[in-house]
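Containing mmCIF, C-alpha atoms (C1' of nucleotides): input05.cif.
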```cif
data_query
#
loop_
_atom_site.label_atom_id
_atom_site.label_comp_id
_atom_site.auth_asym_id
_atom_site.auth_seq_id
_atom_site.Cartn_x
_atom_site.Cartn_y
_atom_site.Cartn_z
CA MET A 1 -12.02 -18.46 -11.62
CA VAL A 2 -14.76 -16.00 -10.80
CA ASP A 3 -13.03 -14.43 -7.82
CA ASN A 4 -9.77 -14.06 -9.69
CA GLU A 5 -10.45 -10.35 -9.85
CA ARG A 6 -10.90 -10.12 -6.13
CA GLN A 7 -7.55 -11.67 -5.31
CA LEU A 8 -5.72 -9.84 -8.08
CA ASP A 9 -5.30 -6.57 -6.28
CA SER A 10 -3.89 -8.35 -3.24
CA VAL A 11 -1.33 -10.00 -5.53
CA PHE A 12 -0.40 -6.64 -7.04
CA ARG A 13 -0.32 -5.00 -3.63
CA ALA A 14 2.02 -7.77 -2.40
CA LEU A 15 4.29 -7.10 -5.38
CA GLY A 16 4.11 -3.37 -4.77
CA ASP A 17 7.02 -3.30 -2.37
CA PRO A 18 10.69 -3.46 -3.39
CA THR A 19 11.59 -5.83 -0.54
CA ARG A 20 8.95 -8.35 -1.55
CA LEU A 21 9.82 -7.99 -5.22
CA ARG A 22 13.39 -8.96 -4.34
CA MET A 23 12.12 -11.93 -2.35
CA ILE A 24 10.18 -13.23 -5.35
CA GLU A 25 13.23 -12.84 -7.55
CA GLN A 26 15.34 -14.71 -5.03
CA LEU A 27 12.75 -17.49 -4.79
CA ALA A 28 12.82 -17.90 -8.54
CA ARG A 29 16.36 -19.18 -8.09
CA GLY A 30 15.12 -21.94 -5.80
CA ASP A 31 13.43 -22.59 -2.47
CA GLN A 32 14.67 -20.56 0.48
CA THR A 33 14.33 -20.46 4.24
CA VAL A 34 12.99 -17.29 5.81
CA SER A 35 16.53 -16.55 7.00
CA ASP A 36 17.84 -16.96 3.46
CA LEU A 37 15.30 -14.42 2.25
CA ALA A 38 16.14 -12.08 5.12
CA ALA A 39 19.93 -12.32 4.74
CA PRO A 40 20.44 -9.79 1.93
CA LEU A 41 17.98 -7.34 3.47
CA ASP A 42 18.75 -4.51 5.85
CA MET A 43 16.02 -5.59 8.22
CA THR A 44 15.34 -7.78 11.23
CA LEU A 45 14.25 -11.38 10.77
CA ALA A 46 10.86 -10.51 12.25
CA GLY A 47 10.43 -7.79 9.65
CA ALA A 48 11.33 -10.14 6.82
CA SER A 49 8.96 -12.75 8.25
CA LYS A 50 6.12 -10.27 8.02
CA HIS A 51 6.89 -9.69 4.35
CA VAL A 52 6.90 -13.44 3.76
CA GLY A 53 3.50 -13.51 5.44
CA VAL A 54 2.16 -10.91 3.03
CA LEU A 55 3.42 -12.88 0.05
CA GLU A 56 1.95 -16.08 1.46
CA GLN A 57 -1.39 -14.36 2.14
CA ALA A 58 -1.49 -13.20 -1.47
CA GLY A 59 -0.83 -16.77 -2.59
CA LEU A 60 2.53 -15.94 -4.12
CA LEU A 61 4.46 -18.44 -2.03
CA THR A 62 3.99 -21.38 0.29
CA ARG A 63 5.80 -21.87 3.56
CA GLU A 64 6.29 -25.28 5.10
CA LYS A 65 8.02 -26.44 8.21
CA ARG A 66 11.17 -28.55 8.01
CA GLY A 67 12.92 -28.99 11.33
CA ARG A 68 13.19 -25.58 12.88
CA GLU A 69 13.27 -23.89 9.49
CA ARG A 70 10.45 -22.83 7.18
CA ILE A 71 11.00 -23.56 3.53
CA CYS A 72 9.50 -20.98 1.19
CA ALA A 73 8.63 -21.90 -2.37
CA LEU A 74 7.11 -19.83 -5.14
CA ASN A 75 3.52 -20.66 -5.92
CA PRO A 76 3.02 -20.11 -9.64
CA ASP A 77 -0.77 -19.81 -9.52
CA ALA A 78 -0.94 -16.26 -8.22
CA LEU A 79 1.82 -15.12 -10.53
CA LEU A 80 0.02 -16.71 -13.46
CA ALA A 81 -3.20 -14.90 -12.55
CA ALA A 82 -1.28 -11.63 -12.51
CA ARG A 83 0.32 -12.54 -15.81
CA ASP A 84 -3.05 -13.18 -17.42
CA TRP A 85 -4.42 -9.83 -16.30
CA VAL A 86 -1.36 -7.86 -17.37
CA GLU A 87 -1.23 -9.81 -20.60
CA ARG A 88 -4.79 -8.87 -21.42
CA TYR A 89 -4.50 -5.18 -20.62
CA SER A 90 -1.06 -4.62 -22.04
CA ALA A 91 -2.40 -6.08 -25.28
CA PHE A 92 -4.84 -3.17 -25.47
CA TRP A 93 -2.22 -1.13 -27.27
CA SER A 94 -1.87 -3.38 -30.29
CA GLN A 95 -5.64 -3.84 -30.26
CA ARG A 96 -6.16 -0.11 -30.43
CA LEU A 97 -3.56 0.21 -33.16
CA ASP A 98 -5.49 -2.45 -35.05
CA ALA A 99 -8.70 -0.49 -34.49
CA LEU A 100 -7.04 2.69 -35.70
CA ASP A 101 -5.77 0.84 -38.72
CA GLN A 102 -9.27 -0.42 -39.42
CA ALA A 103 -10.74 3.04 -38.98
CA LEU A 104 -8.23 4.55 -41.37
CA LYS A 105 -9.01 1.92 -43.96
CA GLU A 106 -12.73 2.50 -43.65
CA ASP A 107 -12.16 6.23 -43.76
CA GLY A 108 -10.20 5.69 -46.93
CA ASP A 109 -13.17 3.93 -48.45
CA ASP A 110 -15.34 6.92 -47.64
CA MET B 111 16.09 0.27 -18.96
CA VAL B 112 18.33 0.17 -15.90
CA ASP B 113 15.89 1.78 -13.52
CA ASN B 114 13.04 -0.40 -14.69
CA GLU B 115 13.29 -2.27 -11.41
CA ARG B 116 13.01 0.89 -9.40
CA GLN B 117 9.76 1.98 -10.99
CA LEU B 118 8.30 -1.49 -11.08
CA ASP B 119 7.12 -1.59 -7.49
CA SER B 120 5.35 1.75 -7.91
CA VAL B 121 3.53 0.28 -10.91
CA PHE B 122 2.53 -2.78 -8.91
CA ARG B 123 1.56 -0.65 -5.94
CA ALA B 124 -0.62 1.48 -8.21
CA LEU B 125 -2.31 -1.68 -9.49
CA GLY B 126 -2.72 -2.99 -5.95
CA ASP B 127 -6.02 -1.28 -5.36
CA PRO B 128 -9.37 -2.50 -6.72
CA THR B 129 -10.51 1.01 -7.63
CA ARG B 130 -7.46 1.69 -9.74
CA LEU B 131 -7.60 -1.76 -11.29
CA ARG B 132 -11.13 -0.93 -12.45
CA MET B 133 -9.93 2.38 -13.83
CA ILE B 134 -7.28 0.66 -15.93
CA GLU B 135 -9.86 -1.79 -17.24
CA GLN B 136 -12.18 1.06 -18.12
CA LEU B 137 -9.38 2.92 -19.88
CA ALA B 138 -8.63 -0.12 -21.98
CA ARG B 139 -12.02 0.49 -23.59
CA GLY B 140 -10.93 3.96 -24.66
CA ASP B 141 -9.89 7.35 -23.34
CA GLN B 142 -11.94 8.76 -20.48
CA THR B 143 -12.37 11.99 -18.59
CA VAL B 144 -11.77 11.95 -14.85
CA SER B 145 -15.54 12.20 -14.38
CA ASP B 146 -16.05 9.20 -16.64
CA LEU B 147 -13.66 7.21 -14.49
CA ALA B 148 -15.33 8.44 -11.31
CA ALA B 149 -18.90 7.78 -12.46
CA PRO B 150 -19.14 4.04 -11.68
CA LEU B 151 -17.35 4.47 -8.35
CA ASP B 152 -18.94 5.05 -4.97
CA MET B 153 -16.64 7.95 -4.28
CA THR B 154 -16.32 11.71 -4.63
CA LEU B 155 -14.71 13.21 -7.71
CA ALA B 156 -11.83 14.44 -5.59
CA GLY B 157 -11.23 10.92 -4.36
CA ALA B 158 -11.23 9.52 -7.88
CA SER B 159 -8.91 12.32 -8.98
CA LYS B 160 -6.39 11.21 -6.38
CA HIS B 161 -6.47 7.69 -7.73
CA VAL B 162 -5.91 9.02 -11.23
CA GLY B 163 -2.94 10.90 -9.82
CA VAL B 164 -1.47 7.70 -8.41
CA LEU B 165 -1.86 5.95 -11.77
CA GLU B 166 -0.33 8.91 -13.57
CA GLN B 167 2.58 9.05 -11.11
CA ALA B 168 3.25 5.36 -11.75
CA GLY B 169 3.27 6.08 -15.47
CA LEU B 170 0.21 3.95 -16.16
CA LEU B 171 -1.78 6.76 -17.73
CA THR B 172 -1.44 10.27 -19.10
CA ARG B 173 -3.79 13.12 -18.36
CA GLU B 174 -4.16 16.05 -20.67
CA LYS B 175 -6.33 19.12 -20.59
CA ARG B 176 -9.07 19.60 -23.16
CA GLY B 177 -11.36 22.47 -22.36
CA ARG B 178 -12.37 22.10 -18.76
CA GLU B 179 -11.97 18.34 -18.90
CA ARG B 180 -8.91 16.15 -18.45
CA ILE B 181 -8.62 13.31 -20.88
CA CYS B 182 -7.02 10.19 -19.45
CA ALA B 183 -5.34 7.68 -21.72
CA LEU B 184 -3.55 4.45 -20.92
CA ASN B 185 0.21 4.61 -21.26
CA PRO B 186 1.34 1.19 -22.43
CA ASP B 187 4.98 1.59 -21.34
CA ALA B 188 4.45 0.98 -17.64
CA LEU B 189 2.08 -1.88 -18.30
CA LEU B 190 4.61 -3.43 -20.66
CA ALA B 191 7.33 -3.15 -18.04
CA ALA B 192 5.08 -4.94 -15.58
CA ARG B 193 4.30 -7.54 -18.20
CA ASP B 194 7.96 -8.23 -18.84
CA TRP B 195 8.68 -8.74 -15.16
CA VAL B 196 5.67 -10.99 -14.54
CA GLU B 197 6.44 -12.83 -17.75
CA ARG B 198 9.95 -13.58 -16.61
CA TYR B 199 9.08 -14.72 -13.11
CA SER B 200 5.95 -16.62 -13.99
CA ALA B 201 8.06 -18.52 -16.48
CA PHE B 202 10.15 -19.81 -13.57
CA TRP B 203 7.79 -22.73 -13.17
CA SER B 204 8.36 -24.24 -16.60
CA GLN B 205 12.05 -23.39 -16.28
CA ARG B 206 12.27 -25.34 -13.06
CA LEU B 207 10.36 -28.21 -14.57
CA ASP B 208 12.91 -28.19 -17.38
CA ALA B 209 15.73 -28.17 -14.84
CA LEU B 210 14.14 -31.05 -12.98
CA ASP B 211 13.82 -32.91 -16.23
CA GLN B 212 17.45 -32.28 -17.00
CA ALA B 213 18.53 -33.38 -13.54
CA LEU B 214 16.56 -36.59 -13.81
CA LYS B 215 18.13 -37.37 -17.17
CA GLU B 216 21.65 -36.75 -15.89
CA ASP B 217 20.86 -38.81 -12.83
CA GLY B 218 19.78 -41.61 -15.13
CA ASP B 219 23.16 -41.44 -16.92
CA ASP B 220 24.94 -41.84 -13.62
"C1'" DT C 221 20.14 -30.78 30.49
"C1'" DT C 222 21.75 -26.64 28.67
"C1'" DC C 223 22.53 -23.46 25.12
"C1'" DA C 224 22.03 -21.74 20.34
"C1'" DT C 225 19.30 -21.17 16.21
"C1'" DT C 226 15.04 -20.40 13.53
"C1'" DA C 227 10.98 -18.34 13.37
"C1'" DT C 228 6.65 -16.37 14.97
"C1'" DC C 229 3.89 -13.31 17.79
"C1'" DA C 230 2.29 -9.16 20.19
"C1'" DA C 231 2.84 -4.59 21.17
"C1'" DC C 232 4.22 -0.45 19.69
"C1'" DC C 233 5.64 3.63 16.62
"C1'" DA C 234 6.01 6.60 12.50
"C1'" DT C 235 4.48 7.23 8.17
"C1'" DA C 236 1.63 6.16 4.07
"C1'" DT C 237 -2.84 5.52 2.15
"C1'" DG C 238 -7.77 6.02 1.02
"C1'" DG C 239 -11.24 8.71 1.81
"C1'" DT C 240 -13.86 13.03 3.05
"C1'" DT C 241 -15.08 18.21 2.97
"C1'" DG C 242 -14.53 23.00 1.58
"C1'" DA C 243 -12.23 26.44 -1.06
"C1'" DC C 244 -10.54 27.52 -5.40
"C1'" DT C 245 -9.46 27.85 -10.71
"C1'" DA C 246 -10.77 27.45 -15.23
"C1'" DT C 247 -13.88 26.69 -18.76
"C1'" DA C 248 -18.60 26.52 -20.60
"C1'" DT C 249 -23.29 28.12 -20.92
"C1'" DC C 250 -27.25 31.23 -19.87
"C1'" DG D 251 -22.10 39.23 -16.10
"C1'" DA D 252 -23.93 35.29 -13.59
"C1'" DT D 253 -24.15 30.59 -12.92
"C1'" DA D 254 -22.97 25.71 -13.69
"C1'" DT D 255 -19.54 22.14 -14.61
"C1'" DA D 256 -14.89 19.72 -14.36
"C1'" DG D 257 -11.17 19.27 -11.85
"C1'" DT D 258 -7.51 20.17 -8.46
"C1'" DC D 259 -5.72 21.36 -3.99
"C1'" DA D 260 -5.15 21.57 1.03
"C1'" DA D 261 -6.48 20.12 5.33
"C1'" DC D 262 -8.07 16.66 7.90
"C1'" DC D 263 -9.35 11.84 9.71
"C1'" DA D 264 -9.22 6.81 10.30
"C1'" DT D 265 -6.93 2.93 9.16
"C1'" DA D 266 -3.20 0.24 6.89
"C1'" DT D 267 1.61 -0.56 6.37
"C1'" DG D 268 6.56 -1.20 7.25
"C1'" DG D 269 9.46 -1.37 10.61
"C1'" DT D 270 11.26 -2.10 15.45
"C1'" DT D 271 11.89 -4.58 20.13
"C1'" DG D 272 11.11 -8.21 23.49
"C1'" DA D 273 9.04 -12.54 24.70
"C1'" DT D 274 8.06 -17.09 23.38
"C1'" DA D 275 8.01 -21.75 21.09
"C1'" DA D 276 10.26 -25.37 18.81
"C1'" DT D 277 14.04 -27.73 17.11
"C1'" DG D 278 19.10 -28.83 16.89
"C1'" DA D 279 23.61 -29.38 18.97
"C1'" DA D 280 26.80 -29.53 23.15
#
```
Encoded form (structure tokens):
Amino acid sequence: MVDNERQLDSVFRALGDPTRLRMIEQLARGDQTVSDLAAPLDMTLAGASKHVGVLEQAGLLTREKRGRERICALNPDALLAARDWVERYSAFWSQRLDALDQALKEDGDD
Amino acid sequence: MVDNERQLDSVFRALGDPTRLRMIEQLARGDQTVSDLAAPLDMTLAGASKHVGVLEQAGLLTREKRGRERICALNPDALLAARDWVERYSAFWSQRLDALDQALKEDGDD
DNA sequence: TTCATTATCAACCATATGGTTGACTATATC
DNA sequence: GATATAGTCAACCATATGGTTGATAATGAA
């Protein structure tokens, strides 16, 4: 839990590429081989494999061997960590509106 | 709404750096000048200013002139867009569990 | 065995990124 | 006016990143 912060930026960096974003979206529809993930992309298989490696490194997916294929599956943990962070800091807005509200009330009492 | 996808990876890329992640966290505690944001960092002001530029470009903050300072404020829109995406794809896990549940039930009826 | 398919790896290339320094603008203060 | 402060900009540098090609390994199919 403590080093959540440390891995967070690698998760965001992994998501910070349109190709990899597409891969995650495709994986949400079910497990895929590396070739499956590469198919819709205008890119060599080796290139796609490197992207899969980045996502795996960031903990966003797992890759396991089955015959001569590698089955990729989303790993929810990393995505959940990202969700928690974004959740917390996107909530700041309503928090600050609440604070403003409070301030106005107290100002009204003045 | 349509080009949400297109800007999403620039938001994630902007968040994919520990320095900028810290800046966002600091901004959640209130508006800050560029110098404020730079202060805790082991970096020149110019360097910090570039990071602020990246965050601004991604739509994560706004920068406006006040005297000789620039006041930085979080812009919730980009963060909310990121939240929506992460929300949707981190929900995949429970969705798939539901699907599995459904499949098992239907298999039982077989 | 032989050939095809799936995937990785290493080497390489062009460009992007994170950082610096130095010059500059604009505002504030003396 | 002179000087200090806040910030940006341009140029530069080292490294990271996204992509390629070619070789290789491992499995599947003939």
Which chain A residues have any atom within 8 Å of an atom of chain B, and for each, what is the nearest pair of atoms with distance in Å to one decimal, counting all atoms listed in the file, rows sorted by chain and number, as a Markdown table?
```
| residue | atom | partner | partner_atom | distance |
| --- | --- | --- | --- | --- |
| A:Arg6 | CA | B:Pro128 | CA | 7.8 |
| A:Leu8 | CA | B:Gly126 | CA | 7.8 |
| A:Asp9 | CA | B:Gly126 | CA | 4.4 |
| A:Ser10 | CA | B:Gly126 | CA | 6.1 |
| A:Val11 | CA | B:Gly126 | CA | 7.2 |
| A:Phe12 | CA | B:Gly126 | CA | 4.5 |
| A:Arg13 | CA | B:Gly126 | CA | 3.9 |
| A:Ala14 | CA | B:Gly126 | CA | 7.6 |
| A:Leu15 | CA | B:Phe122 | CA | 5.8 |
| A:Gly16 | CA | B:Arg123 | CA | 3.9 |
| A:Asp17 | CA | B:Asp119 | CA | 5.4 |
| A:Pro18 | CA | B:Asp119 | CA | 5.7 |
| A:Leu21 | CA | B:Asp119 | CA | 7.3 |
| A:Ile24 | CA | B:Tyr199 | CA | 8.0 |
| A:Glu25 | CA | B:Tyr199 | CA | 7.2 |
| A:Ala28 | CA | B:Phe202 | CA | 6.0 |
| A:Pro76 | CA | B:Ser200 | CA | 6.3 |
| A:Leu79 | CA | B:Ser200 | CA | 5.6 |
| A:Leu80 | CA | B:Ser200 | CA | 6.0 |
| A:Ala82 | CA | B:Val196 | CA | 7.3 |
| A:Arg83 | CA | B:Val196 | CA | 5.7 |
| A:Val86 | CA | B:Arg193 | CA | 5.7 |
| A:Glu87 | CA | B:Arg193 | CA | 6.4 |
| A:Tyr89 | CA | B:Ala138 | CA | 6.7 |
| A:Ser90 | CA | B:Leu189 | CA | 5.6 |
| A:Phe92 | CA | B:Ala138 | CA | 6.0 |
| A:Trp93 | CA | B:Pro186 | CA | 6.4 |
```
Write out as a VMD selection string every residue belonging to chain C that has an atom at most 8 Å from any atom of chain B, counting all atoms listed in the file.
-> chain C and resid 239 246 to 248
Would you work out the distance separating atom C1' of C:DC233 from atom C1' of D:DT270, expressed in Å to one decimal?
-> 8.1 Å
Quick one: which residues end up in the PyMOL selection byres ((chain D and resi 266) around 12) for this structure, as a PyMOL selection string?
-> (chain C and resi 235-238) or (chain D and resi 264-265+267-268)
What gap, in Å, lies between atom CA of A:Ile71 and atom C1' of D:DT271?
->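 According to the coordinates, atom CA of A:Ile71 and atom C1' of D:DT271 are separated by 25.2 Å.
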Residues near stretch 272-278 of chain D, cut-off 9 Å, only C-alpha atoms (C1' of nucleotides), skip fewer than 6 positions along chain, as a list in words =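 These residues fall inside the cut-off: Gly67, Arg68 and Glu69 of chain A; DA224, DT225, DT226, DA227, DT228, DC229 and DA230 of chain C.
If you look at atom CA of B:Cys182 and atom CA of B:Asp141, they are 5.6 Å away from each other.
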How would you write, as a PyMOL selection string, the residues chosen by the PyMOL selection byres ((chain D) within 9 of (chain B)) on this structure?
-> chain D and resi 255-258
Hey, what comes out of the PyMOL selection byres ((chain C and resi 250) around 10) on this file? Could you write it as a PyMOL selection string?
-> (chain C and resi 248-249) or (chain D and resi 252-254)
Do you know which residues are at most 10 Å from B:Gly163 counting all atoms listed in the file, after dropping those on the same chain fewer than 6 positions away, and could you put them as an NGL selection string?
-> :B and (124 or 157 or 169-173)
Keeping only C-alpha atoms, write the selected residues to a file as a PDB file, in the frame of the given file.
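What landed in out-v9.pdb:
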```pdb
ATOM      1  CA  ALA B 124      -0.620   1.480  -8.210  1.00  0.00           C
ATOM      2  CA  GLY B 157     -11.230  10.920  -4.360  1.00  0.00           C
ATOM      3  CA  GLY B 169       3.270   6.080 -15.470  1.00  0.00           C
ATOM      4  CA  LEU B 170       0.210   3.950 -16.160  1.00  0.00           C
ATOM      5  CA  LEU B 171      -1.780   6.760 -17.730  1.00  0.00           C
ATOM      6  CA  THR B 172      -1.440  10.270 -19.100  1.00  0.00           C
ATOM      7  CA  ARG B 173      -3.790  13.120 -18.360  1.00  0.00           C
TER       8      ARG B 173
END
```
Can I get a file of chain D from the given structure, C-alpha atoms (C1' of nucleotides) kept, as a PDB file, in the first residue's frame?
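And here's out_16.pdb as it stands now:
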```pdb
ATOM      1  C1'  DG D 251      15.899  55.270 -11.897  1.00  0.00           C
ATOM      2  C1'  DA D 252      17.991  51.067 -10.138  1.00  0.00           C
ATOM      3  C1'  DT D 253      17.536  46.635  -8.489  1.00  0.00           C
ATOM      4  C1'  DA D 254      15.106  42.361  -7.192  1.00  0.00           C
ATOM      5  C1'  DT D 255      11.557  38.909  -8.116  1.00  0.00           C
ATOM      6  C1'  DA D 256       8.483  35.779 -10.993  1.00  0.00           C
ATOM      7  C1'  DG D 257       8.185  33.665 -14.963  1.00  0.00           C
ATOM      8  C1'  DT D 258       8.914  32.401 -19.824  1.00  0.00           C
ATOM      9  C1'  DC D 259      11.641  31.314 -23.818  1.00  0.00           C
ATOM     10  C1'  DA D 260      15.271  29.353 -26.735  1.00  0.00           C
ATOM     11  C1'  DA D 261      19.058  26.552 -27.168  1.00  0.00           C
ATOM     12  C1'  DC D 262      21.173  22.704 -25.804  1.00  0.00           C
ATOM     13  C1'  DC D 263      22.193  17.899 -23.814  1.00  0.00           C
ATOM     14  C1'  DA D 264      21.394  13.131 -22.277  1.00  0.00           C
ATOM     15  C1'  DT D 265      18.270   9.700 -22.069  1.00  0.00           C
ATOM     16  C1'  DA D 266      13.703   7.529 -22.924  1.00  0.00           C
ATOM     17  C1'  DT D 267      10.319   6.127 -26.182  1.00  0.00           C
ATOM     18  C1'  DG D 268       7.988   4.280 -30.283  1.00  0.00           C
ATOM     19  C1'  DG D 269       8.875   2.213 -34.113  1.00  0.00           C
ATOM     20  C1'  DT D 270      11.443  -0.743 -37.559  1.00  0.00           C
ATOM     21  C1'  DT D 271      14.144  -4.985 -39.333  1.00  0.00           C
ATOM     22  C1'  DG D 272      16.364  -9.458 -38.934  1.00  0.00           C
ATOM     23  C1'  DA D 273      17.493 -13.440 -36.213  1.00  0.00           C
ATOM     24  C1'  DT D 274      15.961 -16.782 -33.070  1.00  0.00           C
ATOM     25  C1'  DA D 275      13.113 -20.011 -30.167  1.00  0.00           C
ATOM     26  C1'  DA D 276       9.174 -22.733 -29.484  1.00  0.00           C
ATOM     27  C1'  DT D 277       5.110 -24.855 -30.770  1.00  0.00           C
ATOM     28  C1'  DG D 278       1.738 -26.687 -34.255  1.00  0.00           C
ATOM     29  C1'  DA D 279       0.620 -28.871 -38.613  1.00  0.00           C
ATOM     30  C1'  DA D 280       1.986 -31.294 -43.070  1.00  0.00           C
TER      31       DA D 280
END
```
